[in-house]
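The file protein.txt comes next; it holds compact mmCIF, C-alpha atoms and all ligand atoms.
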# COMPACT_ATOMS: atom_id res chain seq x y z
CA MET A 9 17.79 28.95 -25.28
CA ALA A 10 20.46 29.38 -27.98
CA ARG A 11 22.90 30.02 -25.18
CA VAL A 12 22.75 26.51 -23.72
CA CYS A 13 22.79 24.87 -27.15
CA ASP A 14 25.87 26.71 -28.43
CA LYS A 15 28.48 23.97 -28.67
CA ARG A 16 31.50 26.26 -28.91
CA SER A 17 30.71 28.12 -25.70
CA LYS A 18 30.59 24.83 -23.74
CA ARG A 19 33.85 23.28 -24.96
CA ASN A 20 35.69 24.11 -21.74
CA VAL A 21 32.78 23.54 -19.39
CA ARG A 22 33.49 20.36 -17.46
CA VAL A 23 30.56 18.40 -16.11
CA PHE A 24 30.58 15.46 -13.74
CA ILE A 25 27.79 12.87 -13.73
CA THR A 26 27.27 10.34 -10.96
CA GLY A 27 25.33 7.34 -12.25
CA ILE A 28 26.68 8.00 -15.76
CA SER A 29 26.63 4.31 -16.74
CA GLY A 30 22.93 3.91 -15.92
CA PHE A 31 19.67 4.51 -17.75
CA ALA A 32 19.19 8.30 -17.45
CA GLY A 33 22.91 8.97 -16.88
CA SER A 34 23.91 7.50 -20.24
CA PHE A 35 21.37 9.60 -22.15
CA LEU A 36 22.45 12.69 -20.20
CA ALA A 37 26.08 12.01 -21.13
CA GLU A 38 25.14 11.77 -24.82
CA HIS A 39 23.08 14.96 -24.60
CA LEU A 40 25.85 16.95 -22.90
CA LEU A 41 28.52 15.68 -25.32
CA ALA A 42 26.28 16.74 -28.22
CA ASN A 43 26.06 20.17 -26.62
CA GLY A 44 29.84 20.53 -26.46
CA TYR A 45 30.55 19.84 -22.78
CA GLU A 46 33.56 17.96 -21.47
CA VAL A 47 31.94 15.02 -19.70
CA TRP A 48 33.36 13.12 -16.73
CA GLY A 49 31.57 10.48 -14.72
CA LEU A 50 31.71 8.14 -11.78
CA VAL A 51 31.13 4.45 -12.41
CA HIS A 52 30.77 1.82 -9.74
CA ARG A 53 31.72 -1.22 -11.80
CA GLY A 54 32.00 -1.11 -15.60
CA PRO A 55 31.00 1.48 -18.23
CA GLY A 56 27.53 -0.08 -18.63
CA HIS A 57 25.35 1.97 -20.97
CA VAL A 58 28.16 4.40 -21.88
CA ALA A 59 30.50 1.73 -23.24
CA HIS A 60 29.75 2.92 -26.83
CA ILE A 61 30.91 6.49 -26.08
CA GLN A 62 33.61 5.61 -23.56
CA THR A 63 36.42 7.18 -25.60
CA GLN A 64 34.68 10.56 -25.50
CA LEU A 65 34.35 10.52 -21.71
CA THR A 66 36.61 10.60 -18.68
CA LEU A 67 35.42 7.82 -16.39
CA ARG A 68 36.58 7.21 -12.85
CA GLN A 69 35.73 4.23 -10.69
CA GLY A 70 34.41 4.79 -7.18
CA ASP A 71 31.77 4.09 -4.59
CA ILE A 72 29.28 6.90 -3.99
CA THR A 73 28.88 5.87 -0.34
CA ASP A 74 32.62 6.28 0.33
CA PHE A 75 33.45 9.96 0.97
CA GLU A 76 37.18 9.65 0.25
CA SER A 77 36.64 8.15 -3.18
CA VAL A 78 33.99 10.75 -4.09
CA TYR A 79 36.17 13.61 -2.89
CA ALA A 80 39.29 12.32 -4.67
CA VAL A 81 37.52 12.12 -8.03
CA LEU A 82 35.78 15.49 -7.70
CA ALA A 83 39.03 17.17 -6.58
CA GLU A 84 40.74 15.79 -9.69
CA CYS A 85 37.90 16.81 -12.02
CA ARG A 86 37.09 20.23 -10.52
CA PRO A 87 33.79 20.33 -12.42
CA ALA A 88 31.72 23.41 -13.19
CA ARG A 89 28.56 21.28 -13.08
CA ILE A 90 27.60 18.15 -11.13
CA TYR A 91 24.61 16.05 -12.11
CA HIS A 92 23.99 13.68 -9.20
CA LEU A 93 22.01 10.76 -10.66
CA ALA A 94 23.47 7.74 -8.86
CA ALA A 95 20.76 6.12 -6.72
CA GLN A 96 18.97 2.91 -5.85
CA SER A 97 15.83 3.66 -7.87
CA PHE A 98 13.62 0.56 -7.77
CA VAL A 99 10.78 1.19 -5.32
CA PRO A 100 10.01 -2.47 -4.31
CA ARG A 101 13.66 -3.09 -3.47
CA SER A 102 13.38 -0.35 -0.85
CA TRP A 103 10.74 -2.34 1.05
CA GLU A 104 12.90 -5.46 0.97
CA ASN A 105 15.98 -3.68 2.25
CA PRO A 106 15.08 -0.17 3.47
CA TRP A 107 18.48 0.64 4.92
CA GLU A 108 20.29 -0.18 1.69
CA THR A 109 18.18 2.39 -0.22
CA LEU A 110 18.33 5.01 2.53
CA GLU A 111 22.07 4.64 2.96
CA ASN A 112 22.88 4.58 -0.72
CA ASN A 113 20.69 7.54 -1.63
CA ILE A 114 21.16 9.75 1.44
CA ARG A 115 24.80 9.06 2.26
CA GLY A 116 25.65 9.09 -1.46
CA GLN A 117 24.27 12.57 -1.93
CA LEU A 118 25.71 13.84 1.35
CA ASN A 119 29.15 12.75 0.13
CA VAL A 120 28.67 14.56 -3.19
CA LEU A 121 27.51 17.79 -1.52
CA GLU A 122 30.19 17.72 1.19
CA ALA A 123 32.90 17.04 -1.40
CA ALA A 124 31.52 19.78 -3.67
CA ARG A 125 31.53 22.23 -0.76
CA ARG A 126 35.30 21.79 -0.47
CA LEU A 127 35.98 22.45 -4.18
CA ASP A 128 37.23 25.81 -5.38
CA SER A 129 35.40 25.32 -8.72
CA ALA A 130 32.05 26.20 -6.99
CA PRO A 131 30.04 23.81 -9.17
CA ARG A 132 26.38 24.09 -9.95
CA ILE A 133 24.73 20.90 -8.69
CA LEU A 134 21.59 19.13 -9.88
CA VAL A 135 19.84 17.12 -7.17
CA VAL A 136 17.39 14.52 -8.47
CA GLY A 137 14.33 13.90 -6.33
CA SER A 138 11.23 11.99 -7.44
CA ASN A 139 7.47 12.14 -7.55
CA GLU A 140 7.65 9.25 -5.05
CA ALA A 141 8.48 11.90 -2.41
CA TYR A 142 4.95 13.35 -2.82
CA GLY A 143 3.60 9.88 -2.08
CA ARG A 144 -0.05 9.61 -1.07
CA VAL A 145 -1.58 12.48 -3.03
CA GLN A 146 -5.35 13.06 -2.80
CA PRO A 147 -7.39 13.25 -6.04
CA ASN A 148 -8.18 16.92 -5.38
CA GLU A 149 -4.41 17.66 -5.26
CA LEU A 150 -3.87 16.66 -8.92
CA PRO A 151 -1.97 17.82 -10.86
CA ILE A 152 0.89 17.75 -8.35
CA SER A 153 2.69 21.06 -8.04
CA GLU A 154 6.01 21.74 -6.36
CA THR A 155 4.16 23.03 -3.27
CA THR A 156 2.27 19.74 -2.67
CA PRO A 157 3.44 18.31 0.69
CA PHE A 158 5.64 15.21 0.96
CA ARG A 159 3.79 12.12 2.23
CA PRO A 160 6.06 9.28 1.02
CA ILE A 161 4.78 5.71 1.31
CA SER A 162 8.01 3.83 0.52
CA PRO A 163 11.54 3.96 1.95
CA TYR A 164 12.57 5.02 -1.56
CA GLY A 165 10.16 7.98 -1.33
CA VAL A 166 11.64 8.87 2.07
CA SER A 167 15.16 8.75 0.61
CA LYS A 168 14.15 11.05 -2.25
CA ALA A 169 12.34 13.47 0.08
CA THR A 170 15.54 13.59 2.15
CA GLN A 171 17.76 14.17 -0.89
CA ASP A 172 15.44 16.97 -1.96
CA LEU A 173 15.47 18.68 1.46
CA MET A 174 19.23 18.21 1.71
CA GLY A 175 19.69 19.96 -1.64
CA TYR A 176 17.61 22.85 -0.34
CA GLN A 177 19.62 22.97 2.88
CA TYR A 178 23.01 23.19 1.13
CA TRP A 179 21.72 26.12 -0.90
CA ALA A 180 20.17 27.79 2.17
CA THR A 181 23.13 27.23 4.50
CA TYR A 182 26.13 27.62 2.22
CA GLY A 183 24.71 29.50 -0.76
CA MET A 184 25.74 26.66 -3.07
CA HIS A 185 24.17 26.69 -6.54
CA VAL A 186 21.88 23.68 -6.03
CA VAL A 187 18.92 23.18 -8.36
CA ARG A 188 16.46 20.39 -7.57
CA VAL A 189 14.28 18.42 -9.99
CA ARG A 190 11.44 16.00 -9.24
CA PRO A 191 11.15 13.65 -12.20
CA PHE A 192 8.01 11.59 -12.63
CA ASN A 193 8.19 8.13 -14.30
CA HIS A 194 10.46 8.04 -17.32
CA ILE A 195 10.78 5.25 -19.83
CA GLY A 196 12.95 4.44 -22.83
CA PRO A 197 15.61 2.12 -24.20
CA ARG A 198 18.26 0.90 -21.72
CA GLN A 199 15.93 0.89 -18.71
CA SER A 200 16.25 -2.17 -16.49
CA ALA A 201 13.57 -4.85 -16.88
CA GLN A 202 12.63 -4.25 -13.24
CA PHE A 203 10.57 -1.18 -14.25
CA VAL A 204 7.11 -1.53 -15.71
CA ALA A 205 7.53 -0.59 -19.40
CA ALA A 206 10.72 -2.63 -19.73
CA ALA A 207 9.24 -5.47 -17.64
CA PHE A 208 6.36 -5.83 -20.09
CA ALA A 209 8.40 -5.17 -23.27
CA SER A 210 11.15 -7.65 -22.36
CA GLN A 211 8.59 -10.41 -21.82
CA LEU A 212 6.83 -9.54 -25.06
CA ALA A 213 10.09 -9.59 -27.03
CA GLU A 214 10.89 -13.04 -25.62
CA ILE A 215 7.41 -14.29 -26.48
CA GLU A 216 7.82 -12.95 -30.04
CA ALA A 217 11.17 -14.71 -30.33
CA GLY A 218 9.58 -17.96 -29.17
CA VAL A 219 11.83 -18.30 -26.13
CA ARG A 220 9.04 -17.78 -23.57
CA PRO A 221 5.52 -19.24 -23.43
CA PRO A 222 2.86 -16.69 -24.50
CA VAL A 223 1.98 -15.55 -20.97
CA LEU A 224 2.76 -11.97 -19.95
CA TYR A 225 2.97 -11.46 -16.18
CA VAL A 226 1.82 -8.14 -14.74
CA GLY A 227 1.27 -6.43 -11.40
CA ASN A 228 -1.17 -3.62 -10.61
CA LEU A 229 -2.66 -2.40 -13.91
CA ASP A 230 -4.95 0.18 -12.26
CA ALA A 231 -2.18 2.52 -11.11
CA LYS A 232 -1.91 5.74 -13.11
CA ARG A 233 1.48 7.24 -13.76
CA ASP A 234 2.84 10.32 -15.53
CA PHE A 235 5.20 8.78 -18.11
CA SER A 236 7.72 10.72 -20.15
CA ASP A 237 10.62 9.74 -22.35
CA VAL A 238 14.07 9.59 -20.74
CA ARG A 239 15.52 11.64 -23.61
CA ASP A 240 13.09 14.48 -22.82
CA VAL A 241 13.87 14.13 -19.12
CA VAL A 242 17.63 14.58 -19.54
CA ARG A 243 17.01 17.68 -21.68
CA ALA A 244 14.98 19.02 -18.76
CA TYR A 245 17.86 18.28 -16.34
CA HIS A 246 20.28 20.22 -18.51
CA LEU A 247 17.93 23.20 -18.89
CA ALA A 248 17.08 23.19 -15.18
CA LEU A 249 20.74 23.42 -14.23
CA GLU A 250 21.59 26.06 -16.85
CA GLU A 251 18.45 28.20 -16.72
CA GLY A 252 16.84 27.31 -13.37
CA THR A 253 17.22 29.34 -10.19
CA ALA A 254 19.50 28.15 -7.40
CA GLY A 255 17.50 26.91 -4.40
CA GLU A 256 14.43 26.22 -6.54
CA VAL A 257 12.76 22.92 -7.46
CA TYR A 258 11.12 21.84 -10.71
CA ASN A 259 8.76 18.98 -11.52
CA VAL A 260 9.68 17.07 -14.70
CA GLY A 261 6.86 15.09 -16.30
CA SER A 262 4.41 15.01 -19.17
CA GLY A 263 1.44 16.56 -17.38
CA GLU A 264 -0.71 13.54 -18.27
CA ALA A 265 -1.70 10.45 -16.29
CA ARG A 266 -2.02 7.07 -18.00
CA SER A 267 -2.96 3.77 -16.46
CA VAL A 268 -0.49 0.90 -16.49
CA GLN A 269 -3.25 -0.96 -18.38
CA SER A 270 -3.04 1.63 -21.18
CA LEU A 271 0.74 1.20 -21.29
CA LEU A 272 0.19 -2.54 -21.72
CA ASP A 273 -2.46 -1.96 -24.42
CA THR A 274 -0.09 0.35 -26.33
CA LEU A 275 2.65 -2.30 -26.25
CA LEU A 276 0.29 -5.06 -27.34
CA ALA A 277 -0.84 -2.93 -30.30
CA PHE A 278 2.75 -3.11 -31.64
CA THR A 279 2.86 -6.90 -31.81
CA SER A 280 1.07 -9.57 -33.80
CA VAL A 281 1.61 -12.38 -31.29
CA GLU A 282 -1.27 -13.55 -29.11
CA VAL A 283 -0.51 -13.33 -25.39
CA ARG A 284 -2.41 -14.22 -22.24
CA VAL A 285 -2.06 -11.54 -19.56
CA GLU A 286 -1.75 -12.96 -16.06
CA ARG A 287 -1.65 -11.20 -12.68
CA ASP A 288 1.51 -12.17 -10.77
CA PRO A 289 1.04 -11.67 -6.99
CA ALA A 290 4.81 -11.20 -6.59
CA ARG A 291 4.55 -8.01 -8.68
CA MET A 292 1.99 -6.41 -6.34
CA ARG A 293 3.27 -3.90 -3.76
CA PRO A 294 2.48 -3.39 -0.07
CA SER A 295 1.28 0.09 -1.07
CA ASP A 296 1.05 1.70 -4.48
CA ILE A 297 0.27 5.34 -5.25
CA PRO A 298 -3.02 5.18 -7.24
CA GLU A 299 -2.52 8.22 -9.47
CA VAL A 300 0.14 10.82 -10.16
CA ARG A 301 0.12 13.65 -12.65
CA ALA A 302 2.65 16.48 -12.74
CA ASP A 303 2.01 20.16 -12.92
CA ILE A 304 4.91 21.16 -15.18
CA ARG A 305 4.15 24.86 -15.57
CA LYS A 306 7.10 25.97 -13.44
CA ILE A 307 9.85 24.34 -15.53
CA GLN A 308 8.07 25.37 -18.71
CA ALA A 309 7.88 28.99 -17.62
CA THR A 310 11.49 29.10 -16.40
CA THR A 311 13.31 27.18 -19.14
CA GLY A 312 10.90 26.84 -22.07
CA TRP A 313 11.21 23.03 -21.79
CA ALA A 314 8.37 20.84 -23.02
CA PRO A 315 8.24 17.11 -23.64
CA GLU A 316 8.65 16.33 -27.35
CA ILE A 317 8.62 12.55 -27.77
CA PRO A 318 5.07 11.11 -27.93
CA PHE A 319 4.21 8.30 -25.51
CA GLU A 320 3.57 5.82 -28.35
CA GLN A 321 7.04 6.50 -29.77
CA SER A 322 8.69 5.88 -26.40
CA VAL A 323 6.80 2.61 -25.98
CA ARG A 324 7.74 1.49 -29.48
CA ASP A 325 11.41 2.35 -28.82
CA VAL A 326 11.34 0.35 -25.58
CA LEU A 327 9.95 -2.68 -27.40
CA ASP A 328 12.47 -2.36 -30.26
CA TYR A 329 15.29 -2.11 -27.73
CA TRP A 330 14.19 -5.37 -26.08
CA ARG A 331 13.71 -7.07 -29.45
CA GLN A 332 17.35 -6.24 -30.28
CA ARG A 333 18.57 -7.45 -26.90
CA VAL A 334 16.69 -10.71 -27.16
CA ARG A 335 17.96 -11.22 -30.72
CA ALA A 336 21.56 -10.54 -29.63
CA ARG A 337 21.25 -12.86 -26.64
CA PHE A 338 19.84 -15.81 -28.53
CA HIS A 339 21.83 -15.42 -31.75
CA SER A 340 25.14 -15.27 -29.94
CA SER A 341 24.48 -18.45 -27.94
C1 LIG B 401 9.34 8.55 -10.48
C2 LIG B 401 9.58 7.15 -10.03
O1 LIG B 401 9.28 6.29 -11.12
C3 LIG B 401 9.57 4.93 -10.93
O2 LIG B 401 8.85 4.40 -9.84
P1 LIG B 401 7.58 3.44 -10.01
O3 LIG B 401 6.35 4.26 -10.25
O4 LIG B 401 7.57 2.53 -8.85
O5 LIG B 401 7.94 2.66 -11.38
P2 LIG B 401 7.67 1.20 -11.91
O6 LIG B 401 7.95 1.23 -13.36
O7 LIG B 401 8.38 0.16 -11.12
O8 LIG B 401 6.08 0.98 -11.62
C4 LIG B 401 5.10 1.78 -12.21
C5 LIG B 401 3.72 1.26 -11.87
O9 LIG B 401 3.51 0.04 -12.60
C6 LIG B 401 2.93 -0.95 -11.73
N1 LIG B 401 3.25 -2.27 -12.27
C7 LIG B 401 2.35 -3.19 -12.76
N2 LIG B 401 2.97 -4.29 -13.17
C8 LIG B 401 4.30 -4.09 -12.96
C9 LIG B 401 5.44 -4.91 -13.19
O10 LIG B 401 5.35 -6.04 -13.70
N3 LIG B 401 6.64 -4.36 -12.85
C10 LIG B 401 6.77 -3.10 -12.30
N4 LIG B 401 7.98 -2.61 -12.00
N5 LIG B 401 5.68 -2.32 -12.06
C11 LIG B 401 4.47 -2.82 -12.39
C12 LIG B 401 3.54 -0.64 -10.37
O11 LIG B 401 2.76 -1.20 -9.33
C13 LIG B 401 3.50 0.89 -10.39
O12 LIG B 401 2.23 1.34 -10.00
C14 LIG B 401 11.03 4.78 -10.65
O13 LIG B 401 11.78 5.23 -11.75
C15 LIG B 401 11.43 5.55 -9.41
O14 LIG B 401 12.84 5.53 -9.29
C16 LIG B 401 10.93 6.93 -9.47
O15 LIG B 401 11.57 7.85 -8.97
So that I can check it, write out the structure of this file as structure tokens.
Amino acid sequence: MARVCDKRSKRNVRVFITGISGFAGSFLAEHLLANGYEVWGLVHRGPGHVAHIQTQLTLRQGDITDFESVYAVLAECRPARIYHLAAQSFVPRSWENPWETLENNIRGQLNVLEAARRLDSAPRILVVGSNEAYGRVQPNELPISETTPFRPISPYGVSKATQDLMGYQYWATYGMHVVRVRPFNHIGPRQSAQFVAAAFASQLAEIEAGVRPPVLYVGNLDAKRDFSDVRDVVRAYHLALEEGTAGEVYNVGSGEARSVQSLLDTLLAFTSVEVRVERDPARMRPSDIPEVRADIRKIQATTGWAPEIPFEQSVRDVLDYWRQRVRARFHSS
């Protein structure tokens, strides 16, 4: 373990992160900088969530679905590690526009792997799948292990199953050092308000600030998800790529299932305002996986990783993040 945390030994190790300006990508960039890596990244538009550390990074603009732009940036960087995080990650959007999600996620990763194959730096590559690839899991299959079959029920799940298999194939065919992870739900500051914890916290922060009536809109509260903190998840990504075995795949989760109702109850315990909770039909999905829970023994045994941030702390941090954002928005106008 000391090996991957030794800053001096990583000073010349160049990593490249796709999706660096996003939710998980920004925390990964911070984590790798703190561990002494030289961090590069691909941004589509602006620096987003890495604006505050921009001077410590080398950012290049490009479109993940355009091979030439991906190849040009990777050929310039010649990274020793690639963390491929860029993706369309909101499940309901994939039902509205399936091809957009499939194209972005599948073509995007194909471009990264094909470009990496042409590099003489022979990078290690982290491919990010999802528990959505497991899809419709039966109660007797819980907790979900890496050998549980894929039965995706959303185009997003299909795209992640494909990315996962593609990562395997590039290892099997070309012997490339590809390590795959299958993260379960992760929450934390900076997450878009599309996702459940941020969706609830952002409404609550606005209600507290008096800029929204005291009605909190929700979707399916019965679903059970395996939530972990994004800061624990990016630590797992780093350890998986440094300590994991090429060609292998690792679940990343907490090992516990919680209902969306219990997430809501935890949030409401942190506020003193009275809210009415109302079911919003627009937030219901054509199909929703009823329960997921990760078997995380494989990554624990291989890397020693374990989640460290308690669920309540993550939820509190999400709410505080949205309180700050709401304050900044309404004080500056
Ligand atoms: C691992 C996996 O994790 C995530 O996928 P997700 O599970 O779809 O995440 P979510 O936060 O959108 O929904 C969680 C649950 O919460 C329910 N729910 C209730 N009420 C609202 C609501 O108001 N908003 C949302 N978004 N969900 C709601 C919703 O029906 C679902 O059962 C992505 O990061 C994905 O990229 C990924 O890979």
Inset, instruction - Considering all atoms listed in the file, state which residue in the set A:Ala277, A:Leu36, A:Leu271, A:Ala248 is at the smallest distance from Gly312 (chain A). - result: A:Ala248
Legend entry - Point-to-point distance in Å for CA of Gly261 (chain A) and CA of Val135 (chain A):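 Answer for the CA of Val135 (chain A) to CA of Gly261 (chain A) separation: 16.0 Å.
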Inset, instruction - Find, counting only C-alpha atoms, the residue in A:Glu154, A:Asp230, A:Glu214, A:Glu251 that gets nearest to Thr279 (chain A). - result: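 Smallest distance to Thr279 (chain A) is found for A:Glu214.
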Inset, instruction - Return as a ChimeraX atom specification every polymer residue, whether protein, DNA or RNA, with at least one atom no more than 6 Å from an atom of ligand LIG 401 (chain B); count all atoms listed in the file. - result: /A:97-99,138-140,191-193,202-204,207,226-229,231,268,291,296
Legend entry - Distance in Å - CA of Leu67 (chain A) versus CA of Leu247 (chain A):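 For CA of Leu67 (chain A) relative to CA of Leu247 (chain A), the distance reads 23.4 Å.
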Legend entry - Gap from CA of Gln199 (chain A) to CA of Leu212 (chain A) - Å, one decimal: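 CA of Leu212 (chain A) lies 15.2 Å from CA of Gln199 (chain A).
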Legend entry - Within 8 Å of Ser167 (chain A) using all atoms listed in the file, minus same-chain residues under 6 positions, as a PyMOL selection string: chain A and resi 109-110+113-114+141
Export region 25-34 of chain A, all heavy atoms, as a PDB file, in the first residue's frame; it's the structure right above.
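Writing done, so here's out24.pdb:
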ATOM      1  N   ILE A  25      -6.852  11.608 -17.656  1.00  0.00           N
ATOM      2  CA  ILE A  25      -8.224  11.323 -17.209  1.00  0.00           C
ATOM      3  C   ILE A  25      -9.200  11.878 -18.241  1.00  0.00           C
ATOM      4  O   ILE A  25      -9.192  13.087 -18.517  1.00  0.00           O
ATOM      5  CB  ILE A  25      -8.518  11.979 -15.839  1.00  0.00           C
ATOM      6  CG1 ILE A  25      -7.490  11.564 -14.777  1.00  0.00           C
ATOM      7  CG2 ILE A  25      -9.937  11.637 -15.380  1.00  0.00           C
ATOM      8  CD1 ILE A  25      -7.634  12.317 -13.453  1.00  0.00           C
ATOM      9  N   THR A  26     -10.050  11.005 -18.785  1.00  0.00           N
ATOM     10  CA  THR A  26     -11.160  11.528 -19.589  1.00  0.00           C
ATOM     11  C   THR A  26     -12.306  11.791 -18.610  1.00  0.00           C
ATOM     12  O   THR A  26     -12.469  11.053 -17.631  1.00  0.00           O
ATOM     13  CB  THR A  26     -11.626  10.541 -20.678  1.00  0.00           C
ATOM     14  OG1 THR A  26     -12.298   9.444 -20.041  1.00  0.00           O
ATOM     15  CG2 THR A  26     -10.471  10.028 -21.530  1.00  0.00           C
ATOM     16  N   GLY A  27     -13.064  12.847 -18.849  1.00  0.00           N
ATOM     17  CA  GLY A  27     -14.126  13.194 -17.896  1.00  0.00           C
ATOM     18  C   GLY A  27     -13.580  13.875 -16.653  1.00  0.00           C
ATOM     19  O   GLY A  27     -14.216  13.868 -15.600  1.00  0.00           O
ATOM     20  N   ILE A  28     -12.401  14.497 -16.777  1.00  0.00           N
ATOM     21  CA  ILE A  28     -11.728  15.086 -15.608  1.00  0.00           C
ATOM     22  C   ILE A  28     -12.531  16.236 -14.991  1.00  0.00           C
ATOM     23  O   ILE A  28     -12.430  16.487 -13.792  1.00  0.00           O
ATOM     24  CB  ILE A  28     -10.298  15.555 -15.994  1.00  0.00           C
ATOM     25  CG1 ILE A  28      -9.469  15.871 -14.735  1.00  0.00           C
ATOM     26  CG2 ILE A  28     -10.339  16.762 -16.936  1.00  0.00           C
ATOM     27  CD1 ILE A  28      -7.994  16.092 -15.010  1.00  0.00           C
ATOM     28  N   SER A  29     -13.319  16.939 -15.803  1.00  0.00           N
ATOM     29  CA  SER A  29     -14.036  18.108 -15.274  1.00  0.00           C
ATOM     30  C   SER A  29     -15.359  17.740 -14.600  1.00  0.00           C
ATOM     31  O   SER A  29     -16.065  18.598 -14.093  1.00  0.00           O
ATOM     32  CB  SER A  29     -14.308  19.106 -16.401  1.00  0.00           C
ATOM     33  OG  SER A  29     -15.092  18.467 -17.399  1.00  0.00           O
ATOM     34  N   GLY A  30     -15.684  16.450 -14.584  1.00  0.00           N
ATOM     35  CA  GLY A  30     -16.969  16.015 -14.033  1.00  0.00           C
ATOM     36  C   GLY A  30     -16.893  15.663 -12.552  1.00  0.00           C
ATOM     37  O   GLY A  30     -15.906  15.959 -11.862  1.00  0.00           O
ATOM     38  N   PHE A  31     -17.940  15.014 -12.101  1.00  0.00           N
ATOM     39  CA  PHE A  31     -18.117  14.687 -10.676  1.00  0.00           C
ATOM     40  C   PHE A  31     -16.979  13.788 -10.153  1.00  0.00           C
ATOM     41  O   PHE A  31     -16.130  14.224  -9.360  1.00  0.00           O
ATOM     42  CB  PHE A  31     -19.500  14.028 -10.541  1.00  0.00           C
ATOM     43  CG  PHE A  31     -19.817  13.363  -9.252  1.00  0.00           C
ATOM     44  CD1 PHE A  31     -19.670  14.025  -8.041  1.00  0.00           C
ATOM     45  CD2 PHE A  31     -20.320  12.049  -9.243  1.00  0.00           C
ATOM     46  CE1 PHE A  31     -20.003  13.397  -6.845  1.00  0.00           C
ATOM     47  CE2 PHE A  31     -20.659  11.431  -8.060  1.00  0.00           C
ATOM     48  CZ  PHE A  31     -20.493  12.095  -6.860  1.00  0.00           C
ATOM     49  N   ALA A  32     -16.913  12.547 -10.621  1.00  0.00           N
ATOM     50  CA  ALA A  32     -15.872  11.630 -10.142  1.00  0.00           C
ATOM     51  C   ALA A  32     -14.496  12.051 -10.659  1.00  0.00           C
ATOM     52  O   ALA A  32     -13.493  11.974  -9.931  1.00  0.00           O
ATOM     53  CB  ALA A  32     -16.191  10.201 -10.566  1.00  0.00           C
ATOM     54  N   GLY A  33     -14.441  12.531 -11.909  1.00  0.00           N
ATOM     55  CA  GLY A  33     -13.160  12.899 -12.516  1.00  0.00           C
ATOM     56  C   GLY A  33     -12.432  13.964 -11.719  1.00  0.00           C
ATOM     57  O   GLY A  33     -11.197  13.914 -11.554  1.00  0.00           O
ATOM     58  N   SER A  34     -13.175  14.937 -11.197  1.00  0.00           N
ATOM     59  CA  SER A  34     -12.527  16.029 -10.458  1.00  0.00           C
ATOM     60  C   SER A  34     -11.950  15.522  -9.133  1.00  0.00           C
ATOM     61  O   SER A  34     -10.849  15.919  -8.734  1.00  0.00           O
ATOM     62  CB  SER A  34     -13.517  17.174 -10.225  1.00  0.00           C
ATOM     63  OG  SER A  34     -14.599  16.761  -9.413  1.00  0.00           O
TER      64      SER A  34
END
